[in-house]
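The file coords-v5.tsv contains TSV, C-alpha atoms:
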chain	number	residue	atom	x	y	z
A	957	MET	CA	34.54	-17.93	40.42
A	958	SER	CA	32.68	-16.78	37.35
A	959	ASP	CA	29.12	-15.52	37.54
A	960	THR	CA	27.94	-18.40	35.38
A	961	LEU	CA	29.25	-21.11	37.75
A	962	ALA	CA	28.28	-19.36	41.01
A	963	PRO	CA	24.64	-20.66	41.12
A	964	VAL	CA	25.87	-24.21	40.47
A	965	ALA	CA	28.36	-24.01	43.35
A	966	ARG	CA	25.74	-22.66	45.79
A	967	ARG	CA	23.32	-25.51	44.94
A	968	ALA	CA	26.13	-28.03	45.46
A	969	ARG	CA	26.90	-26.64	48.98
A	970	HIS	CA	23.25	-27.06	50.01
A	971	GLY	CA	23.12	-30.67	48.84
A	972	LYS	CA	20.97	-29.98	45.83
A	973	PRO	CA	21.75	-31.44	42.43
A	974	ALA	CA	23.54	-28.95	40.28
A	975	ARG	CA	21.72	-27.70	37.24
A	976	PRO	CA	23.74	-26.66	34.24
A	977	PRO	CA	23.46	-22.97	33.36
A	978	LYS	CA	21.01	-21.99	30.65
A	979	PRO	CA	22.62	-21.66	27.25
A	980	PRO	CA	22.83	-18.10	25.97
A	981	ARG	CA	20.05	-16.94	23.67
A	982	ALA	CA	20.94	-17.39	20.03
A	983	ALA	CA	21.56	-14.01	18.46
A	984	SER	CA	20.00	-13.28	15.08
A	985	LEU	CA	18.24	-10.40	13.39
A	986	TRP	CA	14.80	-11.92	13.82
A	987	SER	CA	15.25	-13.07	17.42
A	988	ASP	CA	16.63	-9.68	18.44
A	989	ALA	CA	13.76	-7.96	16.62
A	990	TRP	CA	11.14	-10.12	18.36
A	991	HIS	CA	12.79	-9.52	21.74
A	992	ASP	CA	12.63	-5.77	21.06
A	993	LEU	CA	9.06	-5.80	19.70
A	994	ARG	CA	7.65	-7.42	22.82
A	995	ARG	CA	8.71	-4.35	24.80
A	996	ARG	CA	7.22	-1.77	22.46
A	997	PRO	CA	3.77	-0.43	23.43
A	998	LEU	CA	3.26	0.68	19.83
A	999	PHE	CA	3.64	-2.90	18.59
A	1000	ILE	CA	1.42	-4.38	21.31
A	1001	SER	CA	-1.41	-1.88	20.80
A	1002	SER	CA	-1.36	-2.19	17.01
A	1003	ALA	CA	-1.19	-6.01	17.17
A	1004	VAL	CA	-4.20	-6.09	19.52
A	1005	LEU	CA	-6.22	-3.84	17.20
A	1006	ILE	CA	-5.29	-5.90	14.14
A	1007	GLY	CA	-6.17	-9.11	15.97
A	1008	ILE	CA	-9.62	-7.75	16.82
A	1009	PHE	CA	-10.28	-6.68	13.24
A	1010	LEU	CA	-9.06	-10.02	11.86
A	1011	ILE	CA	-11.36	-11.94	14.21
A	1012	MET	CA	-14.16	-9.57	13.22
A	1013	SER	CA	-13.59	-10.29	9.52
A	1014	VAL	CA	-13.41	-14.08	9.94
A	1015	PHE	CA	-16.11	-14.54	12.60
A	1016	PRO	CA	-18.48	-11.57	12.32
A	1017	TRP	CA	-21.32	-13.48	13.97
A	1018	LEU	CA	-19.39	-13.37	17.24
A	1019	PHE	CA	-19.95	-9.60	17.34
A	1020	THR	CA	-23.53	-9.33	16.12
A	1021	SER	CA	-26.54	-11.60	15.71
A	1022	VAL	CA	-28.02	-9.51	12.89
A	1023	ASP	CA	-27.42	-10.72	9.33
A	1024	PRO	CA	-27.13	-7.62	7.14
A	1025	PHE	CA	-27.53	-9.73	3.99
A	1026	ASP	CA	-31.04	-10.72	5.09
A	1027	ALA	CA	-33.56	-8.28	3.61
A	1028	ALA	CA	-35.89	-8.89	6.55
A	1029	SER	CA	-33.38	-7.23	8.90
A	1030	CYS	CA	-33.92	-3.85	7.15
A	1031	ARG	CA	-37.09	-1.85	7.74
A	1032	LEU	CA	-37.75	1.41	5.91
A	1033	ALA	CA	-39.83	2.60	8.86
A	1034	ASP	CA	-36.62	2.61	10.95
A	1035	ALA	CA	-34.52	4.54	8.40
A	1036	ARG	CA	-31.97	7.06	9.69
A	1037	GLN	CA	-32.58	6.42	13.36
A	1038	GLY	CA	-30.03	7.44	15.96
A	1039	MET	CA	-28.12	5.20	18.35
A	1040	SER	CA	-30.30	3.06	20.61
A	1041	GLY	CA	-30.32	-0.22	22.47
A	1042	ALA	CA	-31.71	-2.00	19.40
A	1043	HIS	CA	-29.33	-0.28	16.96
A	1044	TRP	CA	-26.04	0.63	18.60
A	1045	PHE	CA	-24.77	2.70	15.66
A	1046	GLY	CA	-28.21	3.70	14.36
A	1047	THR	CA	-29.71	2.75	10.99
A	1048	ASP	CA	-28.93	3.77	7.41
A	1049	ASN	CA	-31.15	5.09	4.61
A	1050	LEU	CA	-32.82	1.69	4.14
A	1051	GLY	CA	-33.34	1.01	7.83
A	1052	CYS	CA	-30.49	-1.51	8.05
A	1053	ASP	CA	-28.47	-1.83	11.25
A	1054	VAL	CA	-25.25	0.17	10.84
A	1055	TYR	CA	-23.41	-1.76	13.55
A	1056	ALA	CA	-24.01	-5.12	11.82
A	1057	ARG	CA	-23.03	-3.72	8.42
A	1058	THR	CA	-19.87	-2.21	9.89
A	1059	ILE	CA	-18.89	-5.54	11.42
A	1060	TYR	CA	-19.52	-7.48	8.22
A	1061	GLY	CA	-17.86	-4.76	6.14
A	1062	ALA	CA	-14.51	-5.57	7.74
A	1063	ARG	CA	-14.26	-8.83	5.79
A	1064	ASN	CA	-14.13	-7.45	2.24
A	1065	SER	CA	-11.95	-4.49	3.20
A	1066	ILE	CA	-9.36	-6.67	4.97
A	1067	VAL	CA	-9.48	-9.42	2.32
A	1068	VAL	CA	-8.65	-6.86	-0.37
A	1069	GLY	CA	-5.80	-5.47	1.71
A	1070	VAL	CA	-4.30	-8.85	2.63
A	1071	THR	CA	-4.58	-10.47	-0.82
A	1072	THR	CA	-3.16	-7.40	-2.57
A	1073	THR	CA	-0.27	-7.29	-0.11
A	1074	VAL	CA	0.53	-10.98	-0.59
A	1075	VAL	CA	0.40	-10.76	-4.40
A	1076	THR	CA	2.55	-7.63	-4.59
A	1077	ALA	CA	5.07	-9.04	-2.11
A	1078	LEU	CA	5.40	-12.33	-4.00
A	1079	VAL	CA	5.51	-10.88	-7.52
A	1080	GLY	CA	7.58	-7.81	-6.75
A	1081	GLY	CA	9.83	-9.66	-4.32
A	1082	LEU	CA	10.57	-12.54	-6.70
A	1083	LEU	CA	11.25	-10.27	-9.67
A	1084	GLY	CA	13.39	-7.98	-7.53
A	1085	LEU	CA	15.36	-10.97	-6.25
A	1086	VAL	CA	16.06	-12.20	-9.78
A	1087	ALA	CA	16.90	-8.75	-11.16
A	1088	GLY	CA	19.19	-7.83	-8.29
A	1089	PHE	CA	21.01	-11.16	-8.36
A	1090	LYS	CA	21.37	-11.53	-12.14
A	1091	GLY	CA	22.08	-7.92	-13.03
A	1092	GLY	CA	22.98	-7.03	-16.60
A	1093	ALA	CA	20.29	-7.28	-19.28
A	1094	VAL	CA	17.78	-8.97	-16.94
A	1095	ASP	CA	18.05	-6.16	-14.42
A	1096	THR	CA	17.80	-3.53	-17.13
A	1097	LEU	CA	14.69	-5.12	-18.67
A	1098	PHE	CA	12.84	-5.47	-15.36
A	1099	SER	CA	13.82	-1.95	-14.29
A	1100	ARG	CA	12.47	-0.39	-17.50
A	1101	VAL	CA	9.19	-2.29	-17.13
A	1102	THR	CA	8.75	-1.01	-13.57
A	1103	GLU	CA	9.40	2.55	-14.74
A	1104	ILE	CA	6.49	2.21	-17.17
A	1105	PHE	CA	4.19	1.21	-14.30
A	1106	PHE	CA	5.52	4.01	-12.10
A	1107	ALA	CA	4.54	6.49	-14.83
A	1108	ILE	CA	0.85	5.49	-14.49
A	1109	PRO	CA	-1.03	7.45	-11.78
A	1110	SER	CA	-2.31	4.92	-9.25
A	1111	ILE	CA	-5.90	6.13	-8.91
A	1112	LEU	CA	-6.30	6.77	-12.63
A	1113	GLY	CA	-4.87	3.36	-13.51
A	1114	ALA	CA	-7.11	1.57	-11.00
A	1115	LEU	CA	-10.15	3.45	-12.31
A	1116	LEU	CA	-9.28	2.44	-15.88
A	1117	ILE	CA	-8.79	-1.25	-15.01
A	1118	LEU	CA	-12.04	-1.43	-13.04
A	1119	ALA	CA	-13.92	0.40	-15.79
A	1120	VAL	CA	-12.73	-2.21	-18.29
A	1121	PHE	CA	-13.81	-5.18	-16.14
A	1122	ARG	CA	-17.10	-3.54	-15.04
A	1123	THR	CA	-17.47	-6.09	-12.25
A	1124	GLY	CA	-16.97	-4.59	-8.83
A	1125	ASN	CA	-15.90	-7.48	-6.60
A	1126	VAL	CA	-13.03	-8.32	-4.28
A	1127	TRP	CA	-10.85	-9.97	-6.93
A	1128	THR	CA	-11.08	-7.27	-9.58
A	1129	VAL	CA	-10.30	-4.57	-7.01
A	1130	MET	CA	-7.35	-6.64	-5.77
A	1131	LEU	CA	-6.10	-7.09	-9.33
A	1132	ALA	CA	-6.37	-3.38	-10.10
A	1133	LEU	CA	-4.37	-2.46	-7.00
A	1134	ALA	CA	-1.77	-5.22	-7.35
A	1135	VAL	CA	-0.99	-4.46	-10.99
A	1136	LEU	CA	0.03	-0.92	-10.05
A	1137	ALA	CA	1.66	-1.61	-6.65
A	1138	TRP	CA	4.17	-4.42	-7.28
A	1139	PRO	CA	6.92	-2.14	-8.75
A	1140	MET	CA	7.52	-0.53	-5.34
A	1141	THR	CA	8.21	-3.93	-3.77
A	1142	PHE	CA	10.40	-4.80	-6.76
A	1143	ARG	CA	12.64	-1.79	-6.23
A	1144	ILE	CA	13.00	-2.35	-2.50
A	1145	MET	CA	13.88	-6.03	-2.93
A	1146	ARG	CA	16.26	-5.28	-5.80
A	1147	ALA	CA	18.18	-2.72	-3.76
A	1148	ALA	CA	18.40	-5.07	-0.76
A	1149	VAL	CA	19.63	-7.96	-2.95
A	1150	ILE	CA	22.30	-5.82	-4.62
A	1151	THR	CA	23.58	-4.87	-1.16
A	1152	ALA	CA	23.44	-8.44	0.18
A	1153	LYS	CA	25.11	-10.21	-2.76
A	1154	SER	CA	28.38	-8.34	-2.18
A	1155	GLN	CA	28.67	-9.56	1.41
A	1156	ASP	CA	31.36	-12.01	2.50
A	1157	TYR	CA	28.98	-14.91	3.19
A	1158	VAL	CA	27.73	-14.79	-0.42
A	1159	VAL	CA	31.29	-14.68	-1.75
A	1160	ALA	CA	32.14	-17.67	0.45
A	1161	ALA	CA	29.10	-19.58	-0.82
A	1162	ARG	CA	30.16	-18.96	-4.40
A	1163	ALA	CA	33.70	-20.13	-3.62
A	1164	LEU	CA	32.34	-23.36	-2.13
A	1165	GLY	CA	30.45	-24.07	-5.34
A	1166	ALA	CA	26.87	-23.32	-4.21
A	1167	SER	CA	24.39	-23.12	-7.06
A	1168	ALA	CA	22.71	-19.85	-8.01
A	1169	PRO	CA	19.24	-20.87	-6.71
A	1170	ARG	CA	20.76	-21.95	-3.38
A	1171	ILE	CA	22.63	-18.66	-3.02
A	1172	MET	CA	19.50	-16.68	-3.90
A	1173	PHE	CA	17.01	-18.44	-1.64
A	1174	ARG	CA	19.27	-19.77	1.13
A	1175	HIS	CA	21.73	-16.93	1.66
A	1176	ILE	CA	20.50	-13.71	0.06
A	1177	LEU	CA	16.70	-13.85	0.49
A	1178	PRO	CA	16.64	-14.28	4.31
A	1179	ASN	CA	18.95	-11.27	4.66
A	1180	ALA	CA	17.14	-9.07	2.12
A	1181	VAL	CA	13.49	-9.72	2.93
A	1182	ALA	CA	13.25	-7.53	6.06
A	1183	PRO	CA	12.58	-4.20	4.27
A	1184	VAL	CA	10.01	-5.89	2.05
A	1185	ILE	CA	8.11	-7.14	5.10
A	1186	VAL	CA	8.09	-3.68	6.64
A	1187	VAL	CA	6.83	-2.02	3.47
A	1188	ALA	CA	4.21	-4.76	2.98
A	1189	MET	CA	2.77	-4.12	6.45
A	1190	ILE	CA	2.55	-0.39	5.84
A	1191	ASN	CA	1.13	-0.89	2.33
A	1192	LEU	CA	-1.56	-3.22	3.67
A	1193	GLY	CA	-3.22	-0.31	5.42
A	1194	GLY	CA	-2.86	1.76	2.26
A	1195	PHE	CA	-4.56	-0.94	0.18
A	1196	ILE	CA	-7.51	-1.02	2.58
A	1197	ALA	CA	-7.82	2.74	2.25
A	1198	ALA	CA	-7.49	2.49	-1.55
A	1199	GLU	CA	-10.33	-0.05	-1.72
A	1200	ALA	CA	-12.49	2.30	0.33
A	1201	GLY	CA	-11.65	5.16	-2.01
A	1202	LEU	CA	-12.48	3.17	-5.14
A	1203	SER	CA	-15.75	1.94	-3.63
A	1204	PHE	CA	-16.59	5.52	-2.63
A	1205	LEU	CA	-16.08	6.61	-6.24
A	1206	GLY	CA	-18.46	3.86	-7.42
A	1207	VAL	CA	-15.94	1.66	-9.27
A	1208	GLY	CA	-14.88	-0.64	-6.42
A	1209	LEU	CA	-17.12	-3.05	-4.57
A	1210	ARG	CA	-20.81	-2.78	-5.31
A	1211	SER	CA	-24.02	-3.82	-3.60
A	1212	PRO	CA	-25.01	-6.31	-2.33
A	1213	ASP	CA	-21.39	-6.56	-1.12
A	1214	ILE	CA	-20.56	-4.65	2.05
A	1215	SER	CA	-17.42	-2.68	2.68
A	1216	TRP	CA	-16.56	0.38	4.70
A	1217	GLY	CA	-15.93	2.49	1.59
A	1218	LEU	CA	-19.26	1.46	0.08
A	1219	MET	CA	-21.06	2.32	3.33
A	1220	ILE	CA	-19.43	5.77	3.40
A	1221	SER	CA	-20.46	6.33	-0.22
A	1222	ASP	CA	-24.09	5.36	0.47
A	1223	ALA	CA	-24.31	7.59	3.56
A	1224	ARG	CA	-22.69	10.77	2.28
A	1225	GLU	CA	-25.86	12.34	0.86
A	1226	ARG	CA	-27.78	12.11	4.15
A	1227	PHE	CA	-24.85	12.85	6.45
A	1228	LEU	CA	-26.48	15.87	8.15
A	1229	GLU	CA	-29.67	13.94	8.84
A	1230	ALA	CA	-27.97	10.75	10.07
A	1231	PRO	CA	-24.18	11.04	10.63
A	1232	GLY	CA	-23.83	7.55	12.16
A	1233	PRO	CA	-23.89	5.53	8.91
A	1234	LEU	CA	-20.87	7.52	7.69
A	1235	LEU	CA	-18.94	8.20	10.89
A	1236	PHE	CA	-18.74	4.66	12.27
A	1237	PRO	CA	-17.47	2.94	9.09
A	1238	ALA	CA	-15.00	5.81	8.67
A	1239	LEU	CA	-13.84	5.33	12.27
A	1240	PHE	CA	-13.29	1.58	11.80
A	1241	LEU	CA	-11.50	2.22	8.51
A	1242	SER	CA	-9.20	4.81	10.08
A	1243	LEU	CA	-8.38	2.56	13.05
A	1244	THR	CA	-7.54	-0.37	10.77
A	1245	VAL	CA	-5.28	1.67	8.50
A	1246	LEU	CA	-3.61	3.30	11.52
A	1247	ALA	CA	-3.03	-0.07	13.19
A	1248	PHE	CA	-1.22	-1.53	10.17
A	1249	ILE	CA	0.87	1.62	9.73
A	1250	MET	CA	1.86	1.56	13.42
A	1251	LEU	CA	2.71	-2.14	13.16
A	1252	GLY	CA	4.91	-1.47	10.14
A	1253	ASP	CA	6.68	1.38	11.94
A	1254	ALA	CA	7.31	-0.78	15.00
A	1255	VAL	CA	8.70	-3.66	12.92
A	1256	ARG	CA	10.88	-1.25	10.93
A	1257	ASP	CA	12.39	0.19	14.10
A	1258	ALA	CA	12.99	-3.29	15.54
A	1259	LEU	CA	14.70	-4.57	12.39
A	1260	ASP	CA	16.98	-1.53	12.10
A	1261	PRO	CA	19.81	-1.77	14.65
A	1262	LYS	CA	20.50	1.96	14.29
A	1263	LEU	CA	17.05	2.81	15.70
A	1264	ARG	CA	17.26	0.60	18.80
Written as structure tokens, that's how I'd like the structure from this file.
Amino acid sequence: MSDTLAPVARRARHGKPARPPKPPRAASLWSDAWHDLRRRPLFISSAVLIGIFLIMSVFPWLFTSVDPFDAASCRLADARQGMSGAHWFGTDNLGCDVYARTIYGARNSIVVGVTTTVVTALVGGLLGLVAGFKGGAVDTLFSRVTEIFFAIPSILGALLILAVFRTGNVWTVMLALAVLAWPMTFRIMRAAVITAKSQDYVVAARALGASAPRIMFRHILPNAVAPVIVVAMINLGGFIAAEAGLSFLGVGLRSPDISWGLMISDARERFLEAPGPLLFPALFLSLTVLAFIMLGDAVRDALDPKLR
């Protein structure tokens, strides 16, 4: 008797109604990857950290009752104080609570990272899908355009764009980063599409008369999007760090906005007198970037059968 029917036979001998065996788990790239990710401590720890930071950015009042945007919450008499029960991370040069500013600073930093990642994934992914599928003159044109963008140094290009706009806010910083970052996603998607369109299932779809949009979005895209997702997760942490760097240089976000990079910039001159206003935003920034990089590494390993 087979192993599948043995439990049914035992229940029948004891007078219990037989239950049909559970159907086997459907095998697919994404289901296998999710089954593997749930067993990876690296994925679990990074997902927990990211979840905490996302909740912090959406609901900062759950972590602190102090409103850093209220001028009454800052007292010059309390400037550059150390850690205490009233101020867990101390106070900055203006007597503002560093803990509250660090909590509220997560919102702008994460919003810049997430929006830039979404824009670059959509623009670069769509153009890479079209270029890889069409080939010929379309592929050549898009590839030459991306080479022009690759020739522009990232930091220098972002500085130039932000200097032209002269308005340091979330959307201009996102635009400056996205304009220079989408070519990487384009190349990754293009390479994946070129590999996928030569597979047998695409050839069969063509033989059955499927239209080009159906082949692109129904057959090729689901099988080519995995590397783009991995790179997007890793780049998200890089975009958060890039926003902090631009704000530190004075061309990114500006007061009265709050971000970790802006806090580090404001605290650097008095670091020896009060290290807390610089160390704690830098610690939160490092943990956030590290969490997204670890998440991307875990997803990459789960989606690559050779690394399992």
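Of the listed residues A:Asp1257, A:Met1219, A:Ser1203, A:Ala1132, the one whose atoms come nearest to A:Leu1112 is A:Ala1132, with distances taken using all atoms listed in the file.
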Pairwise distance for atom CA of A:Phe1105 and atom CA of A:Ser1242, rounded to one decimal in Å: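 These atoms are spaced 28.0 Å apart.
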Test item: residues at most 8 Å from stretch 1087-1100 of chain A, all atoms listed in the file, excluding those fewer than 4 positions along its chain, as a PyMOL selection string: chain A and resi 1083+1104+1145-1147+1149-1150+1153+1172
Using all atoms listed in the file, list the residues that have an atom at most 12 Å from (-30.0, -11.7, 7.6), coordinates as in the file, as an mmCIF file with C-alpha atoms, in the coordinates of the input.
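The result, written out as point_18.cif:
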data_model
loop_
_atom_site.group_PDB
_atom_site.id
_atom_site.type_symbol
_atom_site.label_atom_id
_atom_site.label_comp_id
_atom_site.auth_asym_id
_atom_site.auth_seq_id
_atom_site.Cartn_x
_atom_site.Cartn_y
_atom_site.Cartn_z
ATOM 1 C CA TRP A 1017 -21.320 -13.480 13.970
ATOM 2 C CA THR A 1020 -23.530 -9.330 16.120
ATOM 3 C CA SER A 1021 -26.540 -11.600 15.710
ATOM 4 C CA VAL A 1022 -28.020 -9.510 12.890
ATOM 5 C CA ASP A 1023 -27.420 -10.720 9.330
ATOM 6 C CA PRO A 1024 -27.130 -7.620 7.140
ATOM 7 C CA PHE A 1025 -27.530 -9.730 3.990
ATOM 8 C CA ASP A 1026 -31.040 -10.720 5.090
ATOM 9 C CA ALA A 1027 -33.560 -8.280 3.610
ATOM 10 C CA ALA A 1028 -35.890 -8.890 6.550
ATOM 11 C CA SER A 1029 -33.380 -7.230 8.900
ATOM 12 C CA CYS A 1030 -33.920 -3.850 7.150
ATOM 13 C CA CYS A 1052 -30.490 -1.510 8.050
ATOM 14 C CA ASP A 1053 -28.470 -1.830 11.250
ATOM 15 C CA ALA A 1056 -24.010 -5.120 11.820
ATOM 16 C CA ARG A 1057 -23.030 -3.720 8.420
ATOM 17 C CA TYR A 1060 -19.520 -7.480 8.220
#
Pairwise distance for atom CA of A:Ala1160 and atom CA of A:Ile1185, rounded to one decimal in Å: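 Atom-to-atom, atom CA of A:Ala1160 to atom CA of A:Ile1185, that is 26.6 Å.
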Output of stretch 1102-1112 of chain A limited to all heavy atoms, as an mmCIF file, in the first residue's frame:
data_model
loop_
_atom_site.group_PDB
_atom_site.id
_atom_site.type_symbol
_atom_site.label_atom_id
_atom_site.label_comp_id
_atom_site.auth_asym_id
_atom_site.auth_seq_id
_atom_site.Cartn_x
_atom_site.Cartn_y
_atom_site.Cartn_z
ATOM 1 N N THR A 1102 20.630 54.975 -22.429
ATOM 2 C CA THR A 1102 21.084 54.564 -21.090
ATOM 3 C C THR A 1102 22.586 54.749 -20.936
ATOM 4 O O THR A 1102 23.060 55.089 -19.837
ATOM 5 C CB THR A 1102 20.720 53.094 -20.829
ATOM 6 O OG1 THR A 1102 21.297 52.264 -21.844
ATOM 7 C CG2 THR A 1102 19.224 52.907 -20.819
ATOM 8 N N GLU A 1103 23.345 54.559 -21.997
ATOM 9 C CA GLU A 1103 24.792 54.765 -21.908
ATOM 10 C C GLU A 1103 25.127 56.226 -21.629
ATOM 11 O O GLU A 1103 26.109 56.536 -20.936
ATOM 12 C CB GLU A 1103 25.461 54.297 -23.194
ATOM 13 C CG GLU A 1103 25.444 52.782 -23.369
ATOM 14 C CD GLU A 1103 25.956 52.352 -24.724
ATOM 15 O OE1 GLU A 1103 26.329 53.251 -25.520
ATOM 16 O OE2 GLU A 1103 25.984 51.143 -24.989
ATOM 17 N N ILE A 1104 24.318 57.137 -22.149
ATOM 18 C CA ILE A 1104 24.521 58.560 -21.861
ATOM 19 C C ILE A 1104 24.330 58.816 -20.366
ATOM 20 O O ILE A 1104 25.126 59.526 -19.728
ATOM 21 C CB ILE A 1104 23.562 59.424 -22.694
ATOM 22 C CG1 ILE A 1104 23.891 59.298 -24.185
ATOM 23 C CG2 ILE A 1104 23.624 60.882 -22.256
ATOM 24 C CD1 ILE A 1104 22.901 59.990 -25.088
ATOM 25 N N PHE A 1105 23.286 58.236 -19.780
ATOM 26 C CA PHE A 1105 23.034 58.427 -18.352
ATOM 27 C C PHE A 1105 24.102 57.752 -17.507
ATOM 28 O O PHE A 1105 24.471 58.262 -16.442
ATOM 29 C CB PHE A 1105 21.647 57.896 -17.985
ATOM 30 C CG PHE A 1105 20.531 58.822 -18.343
ATOM 31 C CD1 PHE A 1105 19.886 58.726 -19.571
ATOM 32 C CD2 PHE A 1105 20.119 59.805 -17.470
ATOM 33 C CE1 PHE A 1105 18.849 59.584 -19.906
ATOM 34 C CE2 PHE A 1105 19.090 60.679 -17.783
ATOM 35 C CZ PHE A 1105 18.453 60.565 -19.018
ATOM 36 N N PHE A 1106 24.604 56.604 -17.947
ATOM 37 C CA PHE A 1106 25.654 55.925 -17.206
ATOM 38 C C PHE A 1106 26.946 56.743 -17.199
ATOM 39 O O PHE A 1106 27.779 56.599 -16.288
ATOM 40 C CB PHE A 1106 25.927 54.545 -17.804
ATOM 41 C CG PHE A 1106 25.079 53.464 -17.227
ATOM 42 C CD1 PHE A 1106 24.211 52.732 -18.023
ATOM 43 C CD2 PHE A 1106 25.138 53.160 -15.868
ATOM 44 C CE1 PHE A 1106 23.414 51.733 -17.495
ATOM 45 C CE2 PHE A 1106 24.348 52.158 -15.330
ATOM 46 C CZ PHE A 1106 23.485 51.440 -16.140
ATOM 47 N N ALA A 1107 27.136 57.593 -18.201
ATOM 48 C CA ALA A 1107 28.355 58.408 -18.268
ATOM 49 C C ALA A 1107 28.338 59.566 -17.283
ATOM 50 O O ALA A 1107 29.377 60.197 -17.060
ATOM 51 C CB ALA A 1107 28.549 58.935 -19.687
ATOM 52 N N ILE A 1108 27.171 59.868 -16.685
ATOM 53 C CA ILE A 1108 27.053 60.980 -15.739
ATOM 54 C C ILE A 1108 27.342 60.462 -14.337
ATOM 55 O O ILE A 1108 26.655 59.545 -13.862
ATOM 56 C CB ILE A 1108 25.649 61.602 -15.793
ATOM 57 C CG1 ILE A 1108 25.330 62.068 -17.218
ATOM 58 C CG2 ILE A 1108 25.538 62.767 -14.818
ATOM 59 C CD1 ILE A 1108 23.900 62.560 -17.382
ATOM 60 N N PRO A 1109 28.315 60.990 -13.624
ATOM 61 C CA PRO A 1109 28.541 60.579 -12.226
ATOM 62 C C PRO A 1109 27.294 60.827 -11.378
ATOM 63 O O PRO A 1109 26.681 61.891 -11.466
ATOM 64 C CB PRO A 1109 29.722 61.451 -11.780
ATOM 65 C CG PRO A 1109 30.390 61.874 -13.051
ATOM 66 C CD PRO A 1109 29.299 61.993 -14.071
ATOM 67 N N SER A 1110 26.934 59.856 -10.567
ATOM 68 C CA SER A 1110 25.658 59.927 -9.842
ATOM 69 C C SER A 1110 25.581 61.127 -8.911
ATOM 70 O O SER A 1110 24.620 61.914 -8.956
ATOM 71 C CB SER A 1110 25.445 58.629 -9.050
ATOM 72 O OG SER A 1110 25.420 57.525 -9.917
ATOM 73 N N ILE A 1111 26.590 61.289 -8.052
ATOM 74 C CA ILE A 1111 26.554 62.382 -7.083
ATOM 75 C C ILE A 1111 26.608 63.732 -7.793
ATOM 76 O O ILE A 1111 25.850 64.655 -7.462
ATOM 77 C CB ILE A 1111 27.711 62.246 -6.080
ATOM 78 C CG1 ILE A 1111 27.562 60.942 -5.280
ATOM 79 C CG2 ILE A 1111 27.735 63.436 -5.140
ATOM 80 C CD1 ILE A 1111 26.297 60.880 -4.450
ATOM 81 N N LEU A 1112 27.477 63.853 -8.781
ATOM 82 C CA LEU A 1112 27.582 65.116 -9.506
ATOM 83 C C LEU A 1112 26.287 65.449 -10.237
ATOM 84 O O LEU A 1112 25.829 66.602 -10.231
ATOM 85 C CB LEU A 1112 28.749 65.054 -10.502
ATOM 86 C CG LEU A 1112 28.987 66.312 -11.350
ATOM 87 C CD1 LEU A 1112 29.280 67.498 -10.451
ATOM 88 C CD2 LEU A 1112 30.122 66.082 -12.338
#
